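Visitor: PDB, C-alpha atoms and all ligand atoms, saved as structure.pdb, coming up:
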MODEL        1
ATOM      1  CA  MET B  29      93.895  55.065  30.803
ATOM      2  CA  HIS B  30      92.080  58.271  30.893
ATOM      3  CA  ILE B  31      93.218  58.730  34.413
ATOM      4  CA  THR B  32      96.721  57.656  33.510
ATOM      5  CA  HIS B  33      96.746  60.001  30.560
ATOM      6  CA  HIS B  34      95.496  62.731  32.764
ATOM      7  CA  SER B  35      98.121  62.034  35.430
ATOM      8  CA  SER B  36     100.874  61.990  32.773
ATOM      9  CA  ASN B  37      99.685  65.439  31.664
ATOM     10  CA  ILE B  38      99.883  66.582  35.248
ATOM     11  CA  TYR B  39     103.333  65.064  35.473
ATOM     12  CA  ILE B  40     104.483  66.977  32.338
ATOM     13  CA  ALA B  41     102.948  70.155  33.715
ATOM     14  CA  TYR B  42     104.755  69.477  36.986
ATOM     15  CA  LEU B  43     108.091  69.003  35.191
ATOM     16  CA  TYR B  44     107.529  72.186  33.212
ATOM     17  CA  PHE B  45     106.642  74.078  36.361
ATOM     18  CA  MET B  46     109.821  72.836  38.076
ATOM     19  CA  TYR B  47     111.831  73.812  35.011
ATOM     20  CA  LEU B  48     110.438  77.359  35.201
ATOM     21  CA  ILE B  49     111.254  77.633  38.898
ATOM     22  CA  LYS B  50     114.798  76.350  38.355
ATOM     23  CA  SER B  51     115.402  78.755  35.473
ATOM     24  CA  ALA B  52     114.053  81.669  37.444
ATOM     25  CA  PHE B  53     116.216  80.676  40.386
ATOM     26  CA  ALA B  54     119.298  80.304  38.174
ATOM     27  CA  TYR B  55     118.562  83.653  36.549
ATOM     28  CA  TYR B  56     118.313  85.498  39.843
ATOM     29  CA  THR B  57     121.320  83.690  41.272
ATOM     30  CA  LEU B  58     123.316  84.858  38.265
ATOM     31  CA  ARG B  59     122.018  88.414  38.611
ATOM     32  CA  ILE B  60     122.796  88.463  42.295
ATOM     33  CA  SER B  61     126.261  86.975  41.828
ATOM     34  CA  ARG B  62     127.033  89.543  39.134
ATOM     35  CA  ARG B  63     125.821  92.323  41.340
ATOM     36  CA  THR B  64     127.338  91.020  44.552
ATOM     37  CA  PRO B  65     130.504  93.164  44.372
ATOM     38  CA  TYR B  66     128.399  96.273  43.754
ATOM     39  CA  ILE B  67     125.996  95.391  46.527
ATOM     40  CA  MET B  68     128.906  94.797  48.919
ATOM     41  CA  LEU B  69     130.479  98.095  47.844
ATOM     42  CA  TYR B  70     127.207  99.892  48.424
ATOM     43  CA  ILE B  71     126.802  98.311  51.855
ATOM     44  CA  SER B  72     130.383  99.187  52.850
ATOM     45  CA  PHE B  73     129.808 102.748  51.572
ATOM     46  CA  LEU B  74     126.689 102.994  53.750
ATOM     47  CA  LEU B  75     128.635 101.633  56.721
ATOM     48  CA  ALA B  76     131.485 104.105  56.110
ATOM     49  CA  ALA B  77     129.007 106.974  55.818
ATOM     50  CA  CYS B  78     127.384 105.946  59.064
ATOM     51  CA  SER B  79     130.571 105.182  61.012
ATOM     52  CA  PRO B  80     131.266 107.933  63.528
ATOM     53  CA  ASN B  81     134.240 110.281  62.966
ATOM     54  CA  PRO B  82     136.807 109.329  65.639
ATOM     55  CA  TYR B  83     137.729 113.021  65.833
ATOM     56  CA  ALA B  84     134.173 114.265  66.440
ATOM     57  CA  ALA B  85     135.052 115.429  69.969
ATOM     58  CA  THR B  86     138.157 117.390  68.970
ATOM     59  CA  ASN B  87     136.286 118.826  65.971
ATOM     60  CA  ARG B  88     133.837 120.300  68.466
ATOM     61  CA  VAL B  89     136.793 121.916  70.276
ATOM     62  CA  TYR B  90     137.947 123.352  66.923
ATOM     63  CA  LYS B  91     134.523 124.894  66.287
ATOM     64  CA  GLN B  92     134.340 126.357  69.775
ATOM     65  CA  GLN B  93     137.793 127.952  69.451
ATOM     66  CA  ALA B  94     136.959 129.333  66.006
ATOM     67  CA  LYS B  95     133.792 130.844  67.489
ATOM     68  CA  THR B  96     135.772 132.538  70.264
ATOM     69  CA  LEU B  97     138.213 133.989  67.727
ATOM     70  CA  ALA B  98     135.331 135.178  65.550
ATOM     71  CA  GLN B  99     134.088 137.165  68.549
ATOM     72  CA  THR B 100     137.527 138.822  68.780
ATOM     73  CA  LEU B 101     137.237 139.777  65.103
ATOM     74  CA  ARG B 102     133.731 141.177  65.546
ATOM     75  CA  SER B 103     134.594 143.409  68.484
ATOM     76  CA  ALA B 104     135.212 147.043  67.474
ATOM     77  CA  PRO B 105     138.636 148.488  68.386
ATOM     78  CA  GLY B 106     138.673 150.341  71.678
ATOM     79  CA  PHE B 107     140.309 153.591  72.719
ATOM     80  CA  ILE B 108     143.963 153.661  73.738
ATOM     81  CA  ASP B 109     144.253 154.871  77.333
ATOM     82  CA  SER B 110     147.557 156.713  77.339
ATOM     83  CA  VAL B 111     146.948 158.859  74.224
ATOM     84  CA  LYS B 112     144.624 161.768  73.459
ATOM     85  CA  GLN B 113     141.047 160.456  72.952
ATOM     86  CA  PRO B 114     138.828 161.435  70.011
ATOM     87  CA  PRO B 115     135.195 162.340  70.873
ATOM     88  CA  TYR B 116     133.804 159.300  69.080
ATOM     89  CA  TRP B 117     134.992 156.099  67.472
ATOM     90  CA  VAL B 118     135.434 156.051  63.697
ATOM     91  CA  GLY B 119     135.891 152.666  62.061
ATOM     92  CA  THR B 120     137.173 152.375  58.509
ATOM     93  CA  THR B 121     134.998 150.707  55.896
ATOM     94  CA  ASN B 122     137.883 149.291  53.889
ATOM     95  CA  PHE B 123     139.467 146.076  55.125
ATOM     96  CA  ASN B 124     139.713 142.326  54.800
ATOM     97  CA  LEU B 125     141.654 139.494  56.422
ATOM     98  CA  ARG B 126     145.475 139.331  56.551
ATOM     99  CA  LYS B 127     146.964 136.679  54.315
ATOM    100  CA  PRO B 128     149.811 134.221  54.797
ATOM    101  CA  ASN B 129     152.961 135.176  52.894
ATOM    102  CA  PHE B 130     155.186 132.153  53.587
ATOM    103  CA  VAL B 131     154.849 128.381  53.286
ATOM    104  CA  ILE B 132     156.891 126.338  55.761
ATOM    105  CA  ILE B 133     157.494 122.686  54.872
ATOM    106  CA  HIS B 134     158.149 120.061  57.549
ATOM    107  CA  HIS B 135     158.607 116.348  57.980
ATOM    108  CA  THR B 136     156.613 114.980  60.903
ATOM    109  CA  ALA B 137     159.417 112.820  62.375
ATOM    110  CA  GLN B 138     156.616 110.394  63.257
ATOM    111  CA  ASN B 139     155.710 106.939  62.006
ATOM    112  CA  SER B 140     152.267 107.426  60.479
ATOM    113  CA  CYS B 141     149.770 110.022  59.392
ATOM    114  CA  GLU B 142     147.362 108.755  62.050
ATOM    115  CA  GLN B 143     149.992 109.357  64.737
ATOM    116  CA  THR B 144     150.383 112.970  63.549
ATOM    117  CA  LEU B 145     146.615 113.565  63.426
ATOM    118  CA  ARG B 146     146.461 112.414  67.043
ATOM    119  CA  THR B 147     149.431 114.617  68.026
ATOM    120  CA  PHE B 148     147.749 117.681  66.475
ATOM    121  CA  THR B 149     144.466 117.023  68.287
ATOM    122  CA  LEU B 150     145.933 116.641  71.786
ATOM    123  CA  ALA B 151     145.968 119.951  73.697
ATOM    124  CA  ARG B 152     149.063 119.056  75.711
ATOM    125  CA  THR B 153     151.332 118.782  72.626
ATOM    126  CA  GLN B 154     150.849 122.478  71.746
ATOM    127  CA  VAL B 155     151.772 121.796  68.126
ATOM    128  CA  SER B 156     149.770 121.889  64.896
ATOM    129  CA  ALA B 157     149.917 122.617  61.177
ATOM    130  CA  HIS B 158     147.471 123.752  58.536
ATOM    131  CA  TYR B 159     148.055 120.679  56.377
ATOM    132  CA  VAL B 160     149.234 117.104  56.902
ATOM    133  CA  ILE B 161     150.062 115.139  53.752
ATOM    134  CA  CYS B 162     150.158 111.342  54.071
ATOM    135  CA  LYS B 163     152.450 109.077  52.055
ATOM    136  CA  ASP B 164     149.552 108.010  49.812
ATOM    137  CA  GLY B 165     148.908 111.653  48.894
ATOM    138  CA  THR B 166     145.900 112.212  51.185
ATOM    139  CA  VAL B 167     145.794 115.854  52.287
ATOM    140  CA  HIS B 168     144.333 116.652  55.715
ATOM    141  CA  HIS B 169     143.447 120.345  55.947
ATOM    142  CA  MET B 170     143.407 120.718  59.731
ATOM    143  CA  LEU B 171     143.213 124.485  60.149
ATOM    144  CA  ASN B 172     141.706 127.391  58.214
ATOM    145  CA  ASP B 173     144.548 129.127  56.331
ATOM    146  CA  TYR B 174     143.662 132.467  57.928
ATOM    147  CA  LEU B 175     144.300 131.164  61.429
ATOM    148  CA  ARG B 176     147.669 130.768  63.145
ATOM    149  CA  ALA B 177     149.009 127.221  63.481
ATOM    150  CA  TRP B 178     151.725 126.346  65.981
ATOM    151  CA  GLN B 179     154.313 124.892  63.619
ATOM    152  CA  ALA B 180     157.316 127.214  63.249
ATOM    153  CA  GLY B 181     158.141 127.728  66.936
ATOM    154  CA  ILE B 182     161.058 130.034  67.759
ATOM    155  CA  SER B 183     162.291 130.909  64.304
ATOM    156  CA  LYS B 184     163.475 133.736  62.103
ATOM    157  CA  TRP B 185     163.710 134.492  58.381
ATOM    158  CA  GLY B 186     165.093 137.854  57.365
ATOM    159  CA  ASN B 187     163.796 140.076  60.129
ATOM    160  CA  ASP B 188     160.515 138.222  60.551
ATOM    161  CA  ALA B 189     160.590 136.653  63.997
ATOM    162  CA  ASP B 190     156.917 135.568  64.099
ATOM    163  CA  ILE B 191     156.773 133.137  61.229
ATOM    164  CA  ASN B 192     153.639 131.439  62.613
ATOM    165  CA  SER B 193     151.706 134.678  62.094
ATOM    166  CA  ALA B 194     152.837 134.964  58.481
ATOM    167  CA  SER B 195     152.869 131.392  57.235
ATOM    168  CA  ILE B 196     151.044 128.228  56.254
ATOM    169  CA  GLY B 197     152.573 125.087  57.790
ATOM    170  CA  ILE B 198     152.624 121.852  55.792
ATOM    171  CA  GLU B 199     153.660 118.605  57.476
ATOM    172  CA  LEU B 200     154.721 115.624  55.366
ATOM    173  CA  ASP B 201     154.375 112.187  56.926
ATOM    174  CA  ASN B 202     158.040 111.114  57.014
ATOM    175  CA  ASN B 203     160.181 109.775  59.855
ATOM    176  CA  GLY B 204     163.086 112.077  58.953
ATOM    177  CA  PHE B 205     165.372 109.465  57.431
ATOM    178  CA  GLU B 206     163.447 108.222  54.403
ATOM    179  CA  PRO B 207     162.813 109.531  50.880
ATOM    180  CA  PHE B 208     159.506 111.302  50.277
ATOM    181  CA  ALA B 209     156.788 109.229  48.592
ATOM    182  CA  GLU B 210     155.885 110.195  45.017
ATOM    183  CA  PRO B 211     152.098 110.545  45.606
ATOM    184  CA  GLN B 212     152.907 112.733  48.623
ATOM    185  CA  ILE B 213     155.076 115.133  46.564
ATOM    186  CA  SER B 214     152.476 115.154  43.809
ATOM    187  CA  SER B 215     149.774 116.235  46.323
ATOM    188  CA  LEU B 216     152.164 118.789  47.809
ATOM    189  CA  LEU B 217     152.726 120.386  44.392
ATOM    190  CA  GLN B 218     148.964 120.578  43.835
ATOM    191  CA  LEU B 219     148.494 122.197  47.225
ATOM    192  CA  LEU B 220     151.331 124.692  46.681
ATOM    193  CA  LYS B 221     149.749 125.721  43.388
ATOM    194  CA  THR B 222     146.500 126.501  45.182
ATOM    195  CA  LEU B 223     148.209 128.379  48.025
ATOM    196  CA  LYS B 224     150.465 130.406  45.734
ATOM    197  CA  GLY B 225     147.452 131.386  43.643
ATOM    198  CA  SER B 226     145.162 132.184  46.585
ATOM    199  CA  TYR B 227     147.617 134.269  48.601
ATOM    200  CA  ASN B 228     150.105 135.474  45.999
ATOM    201  CA  ILE B 229     153.059 134.031  47.917
ATOM    202  CA  PRO B 230     156.466 134.979  46.417
ATOM    203  CA  ALA B 231     158.569 132.083  45.062
ATOM    204  CA  ALA B 232     161.348 132.880  47.569
ATOM    205  CA  ASN B 233     158.982 132.317  50.498
ATOM    206  CA  PHE B 234     158.543 128.543  50.121
ATOM    207  CA  ILE B 235     161.069 127.316  52.683
ATOM    208  CA  GLY B 236     161.743 124.586  55.224
ATOM    209  CA  HIS B 237     161.497 124.478  58.984
ATOM    210  CA  GLY B 238     165.255 123.804  59.100
ATOM    211  CA  ASP B 239     165.836 127.058  57.177
ATOM    212  CA  ILE B 240     164.038 129.257  59.709
ATOM    213  CA  ALA B 241     165.255 127.423  62.845
ATOM    214  CA  PRO B 242     168.729 126.160  61.858
ATOM    215  CA  THR B 243     169.923 125.444  65.401
ATOM    216  CA  ARG B 244     166.824 123.454  66.372
ATOM    217  CA  LYS B 245     165.418 121.759  63.271
ATOM    218  CA  ASN B 246     166.499 119.747  60.243
ATOM    219  CA  ASP B 247     163.172 119.255  58.492
ATOM    220  CA  PRO B 248     162.313 118.498  55.815
ATOM    221  CA  ASN B 249     165.209 116.029  55.711
ATOM    222  CA  TYR B 250     168.053 116.311  53.171
ATOM    223  CA  LEU B 251     166.234 113.935  50.767
ATOM    224  CA  PHE B 252     163.445 116.487  50.186
ATOM    225  CA  PRO B 253     163.174 117.389  46.461
ATOM    226  CA  TRP B 254     163.642 121.184  46.730
ATOM    227  CA  LYS B 255     164.858 121.416  43.113
ATOM    228  CA  GLN B 256     161.640 119.819  41.855
ATOM    229  CA  LEU B 257     159.682 122.432  43.825
ATOM    230  CA  ALA B 258     161.841 125.307  42.559
ATOM    231  CA  ASP B 259     161.390 124.073  38.973
ATOM    232  CA  SER B 260     157.625 124.486  39.509
ATOM    233  CA  GLY B 261     157.979 127.994  40.961
ATOM    234  CA  TYR B 262     158.100 127.238  44.692
ATOM    235  CA  GLY B 263     161.482 128.402  45.960
ATOM    236  CA  TYR B 264     164.597 129.449  44.055
ATOM    237  CA  TRP B 265     167.332 127.362  42.496
ATOM    238  CA  TYR B 266     170.759 128.144  41.025
ATOM    239  CA  SER B 267     171.889 127.700  37.452
ATOM    240  CA  ASP B 268     174.975 125.823  36.234
ATOM    241  CA  THR B 269     177.972 126.993  38.256
ATOM    242  CA  ALA B 270     180.706 125.711  35.903
ATOM    243  CA  ASN B 271     181.612 129.218  34.737
ATOM    244  CA  VAL B 272     180.775 131.095  37.937
ATOM    245  CA  GLN B 273     183.587 133.347  39.172
ATOM    246  CA  VAL B 274     183.126 134.093  42.848
ATOM    247  CA  PRO B 275     184.442 137.605  43.620
ATOM    248  CA  GLU B 276     187.379 137.754  46.067
ATOM    249  CA  ASN B 277     185.455 139.848  48.534
ATOM    250  CA  PHE B 278     182.343 137.625  48.500
ATOM    251  CA  ASN B 279     181.217 137.114  52.093
ATOM    252  CA  HIS B 280     179.241 133.890  52.338
ATOM    253  CA  LEU B 281     177.708 134.768  55.717
ATOM    254  CA  GLN B 282     176.344 138.068  54.406
ATOM    255  CA  ALA B 283     174.972 136.155  51.410
ATOM    256  CA  LEU B 284     173.218 133.672  53.709
ATOM    257  CA  ARG B 285     171.805 136.619  55.648
ATOM    258  CA  ILE B 286     170.469 138.234  52.468
ATOM    259  CA  ILE B 287     168.758 134.966  51.512
ATOM    260  CA  GLY B 288     167.072 135.032  54.920
ATOM    261  CA  TYR B 289     169.099 132.828  57.273
ATOM    262  CA  ASP B 290     169.618 133.729  60.895
ATOM    263  CA  ILE B 291     173.439 133.623  61.085
ATOM    264  CA  LYS B 292     173.784 133.903  64.859
ATOM    265  CA  ASP B 293     175.106 130.331  64.747
ATOM    266  CA  THR B 294     177.146 130.426  61.549
ATOM    267  CA  SER B 295     177.821 126.704  61.148
ATOM    268  CA  ALA B 296     174.136 125.886  61.744
ATOM    269  CA  ALA B 297     173.202 128.393  59.023
ATOM    270  CA  ILE B 298     175.734 126.852  56.609
ATOM    271  CA  GLN B 299     174.424 123.372  57.374
ATOM    272  CA  ALA B 300     170.832 124.493  56.737
ATOM    273  CA  PHE B 301     171.855 126.060  53.421
ATOM    274  CA  LYS B 302     173.709 122.920  52.303
ATOM    275  CA  ARG B 303     170.833 120.646  53.333
ATOM    276  CA  HIS B 304     168.339 122.704  51.298
ATOM    277  CA  TRP B 305     170.381 123.384  48.152
ATOM    278  CA  MET B 306     172.916 120.564  48.044
ATOM    279  CA  GLN B 307     171.237 117.620  49.804
ATOM    280  CA  ASP B 308     174.297 117.647  52.053
ATOM    281  CA  THR B 309     174.449 117.570  55.841
ATOM    282  CA  THR B 310     177.988 118.893  56.413
ATOM    283  CA  ARG B 311     178.873 122.276  57.918
ATOM    284  CA  GLN B 312     181.906 123.425  55.890
ATOM    285  CA  MET B 313     181.946 125.902  52.997
ATOM    286  CA  TYR B 314     184.091 124.672  50.103
ATOM    287  CA  GLU B 315     184.695 126.445  46.788
ATOM    288  CA  ALA B 316     181.886 124.490  45.065
ATOM    289  CA  ASP B 317     179.495 125.548  47.853
ATOM    290  CA  ARG B 318     180.584 129.196  47.535
ATOM    291  CA  LYS B 319     179.844 129.076  43.796
ATOM    292  CA  ILE B 320     176.345 127.738  44.403
ATOM    293  CA  LEU B 321     175.683 130.266  47.138
ATOM    294  CA  PHE B 322     176.979 133.137  44.991
ATOM    295  CA  SER B 323     174.836 132.009  42.041
ATOM    296  CA  LEU B 324     171.798 131.665  44.298
ATOM    297  CA  PHE B 325     172.038 134.833  46.358
ATOM    298  CA  THR B 326     171.997 137.076  43.271
ATOM    299  CA  LYS B 327     168.361 135.967  42.818
ATOM    300  CA  TYR B 328     167.453 137.358  46.246
ATOM    301  CA  GLN B 329     168.849 140.842  45.713
TER     302      GLN B 329
HETATM  303 ZN    ZN D   1     159.086 121.033  61.623
ENDMDL
END
Using structure tokens, write down the structure that the file contains.
Guide:
Amino acid sequence: MHITHHSSNIYIAYLYFMYLIKSAFAYYTLRISRRTPYIMLYISFLLAACSPNPYAATNRVYKQQAKTLAQTLRSAPGFIDSVKQPPYWVGTTNFNLRKPNFVIIHHTAQNSCEQTLRTFTLARTQVSAHYVICKDGTVHHMLNDYLRAWQAGISKWGNDADINSASIGIELDNNGFEPFAEPQISSLLQLLKTLKGSYNIPAANFIGHGDIAPTRKNDPNYLFPWKQLADSGYGYWYSDTANVQVPENFNHLQALRIIGYDIKDTSAAIQAFKRHWMQDTTRQMYEADRKILFSLFTKYQ
């Protein structure tokens, strides 16, 4: 009996011990299952942080080129051979870097942001931009704003024939035939606010690639929300034209020229104007178009 009693005590102790182990196990299982999403998130974060940048090699090229250009900036100006030489060089103490004064907006005419990032990191393409904005609103800042991107190409606005030297280029991921995504435009507006503030860019100088190269380019496409930009202070817009009286002697080509268009090819200039301010892709000037142009060009005088 004594033994039996003793063994039953052991048995109860055993059951109690098992109960404790099971509870502890259940408790930790619960804790782990509750934390699992966080643990997985943490692990994926670690993996992302450790995964190599697929553009590491081209980023090294960027840094090397920036270093070379920095050397150009550091070198003191030399003497000019064909003119009378001073006895010694005198450098001024008062200077800083030149700033961009235009923003040129593009559509990429490609099928994804990733495709454009690749295009802008291949030497043979000879094209680039300061910013690429993806459809989801992600902004890739690919080039220091003070450096010259290869985005405008042969182009002209007013009498400025080197737009690349004076501008920031922004590429929007868009194939050229589709509306622009809302998060993309929202990021663009944020970016424009920063650029306008940093470089004091005039409202009139937020323009499209198609505006400065009317015979070659049509970007951003006619669905681009220029009015929305103008309403926020980036670009100009016209007011209600219902009561506008266009003077008899109003010359629409001169007006386009005053706005900035290169009018060497007049119908290309008209088409560019209508794409930007009327979301229209035709090349004829009708009375309604003349009213809008007249109302608009007064803002540029
Ligand atoms: Zn373009």
Visitor: Out of B:His168, B:Lys127, B:His134, B:Arg244, which residue has the shortest atom-to-atom distance to ligand ZN 1 (chain D) when counting all atoms listed in the file?
Guide: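 When distances to ligand ZN 1 (chain D) are compared using all atoms listed in the file, the smallest one comes from B:His134.
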Visitor: Please provide the set of residues having any atom within 12 Å of Val89 of chain B, restricted to all atoms listed in the file, with same-chain residues fewer than 5 positions apart removed, written as a list in words.
Guide: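 Final neighbour list, sorted by chain and number: Tyr83, Ala84, Ala94, Lys95, Thr96, Thr149, Leu150 and Ala151 of chain B.
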Visitor: I need every residue sitting at most 12 Å from the point (132.2, 156.9, 68.0) (coordinates as in the file, only C-alpha atoms considered), written as a PDB file with C-alpha atoms, keeping the file's coordinate frame.
Guide:
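Saved to out.pdb:
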ATOM      1  CA  ALA B 104     135.212 147.043  67.474  1.00  0.00           C
ATOM      2  CA  PRO B 105     138.636 148.488  68.386  1.00  0.00           C
ATOM      3  CA  GLY B 106     138.673 150.341  71.678  1.00  0.00           C
ATOM      4  CA  PHE B 107     140.309 153.591  72.719  1.00  0.00           C
ATOM      5  CA  GLN B 113     141.047 160.456  72.952  1.00  0.00           C
ATOM      6  CA  PRO B 114     138.828 161.435  70.011  1.00  0.00           C
ATOM      7  CA  PRO B 115     135.195 162.340  70.873  1.00  0.00           C
ATOM      8  CA  TYR B 116     133.804 159.300  69.080  1.00  0.00           C
ATOM      9  CA  TRP B 117     134.992 156.099  67.472  1.00  0.00           C
ATOM     10  CA  VAL B 118     135.434 156.051  63.697  1.00  0.00           C
ATOM     11  CA  GLY B 119     135.891 152.666  62.061  1.00  0.00           C
ATOM     12  CA  THR B 120     137.173 152.375  58.509  1.00  0.00           C
TER      13      THR B 120
END
Visitor: Around ligand ZN 1 (chain D), which protein and nucleic acid residues have at least one atom no more than 10 Å from it, if we count all atoms listed in the file? List them as a ChimeraX atom specification.
Guide: /B:132-137,155-157,179-181,197-200,236-238,240-241,244-249
Visitor: Which one of B:Lys224, B:Arg176, B:His169, B:Arg318 sits closest to Thr269 of chain B if you count only C-alpha atoms?
Guide: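 When distances to Thr269 of chain B are compared using only C-alpha atoms, the smallest one comes from B:Arg318.
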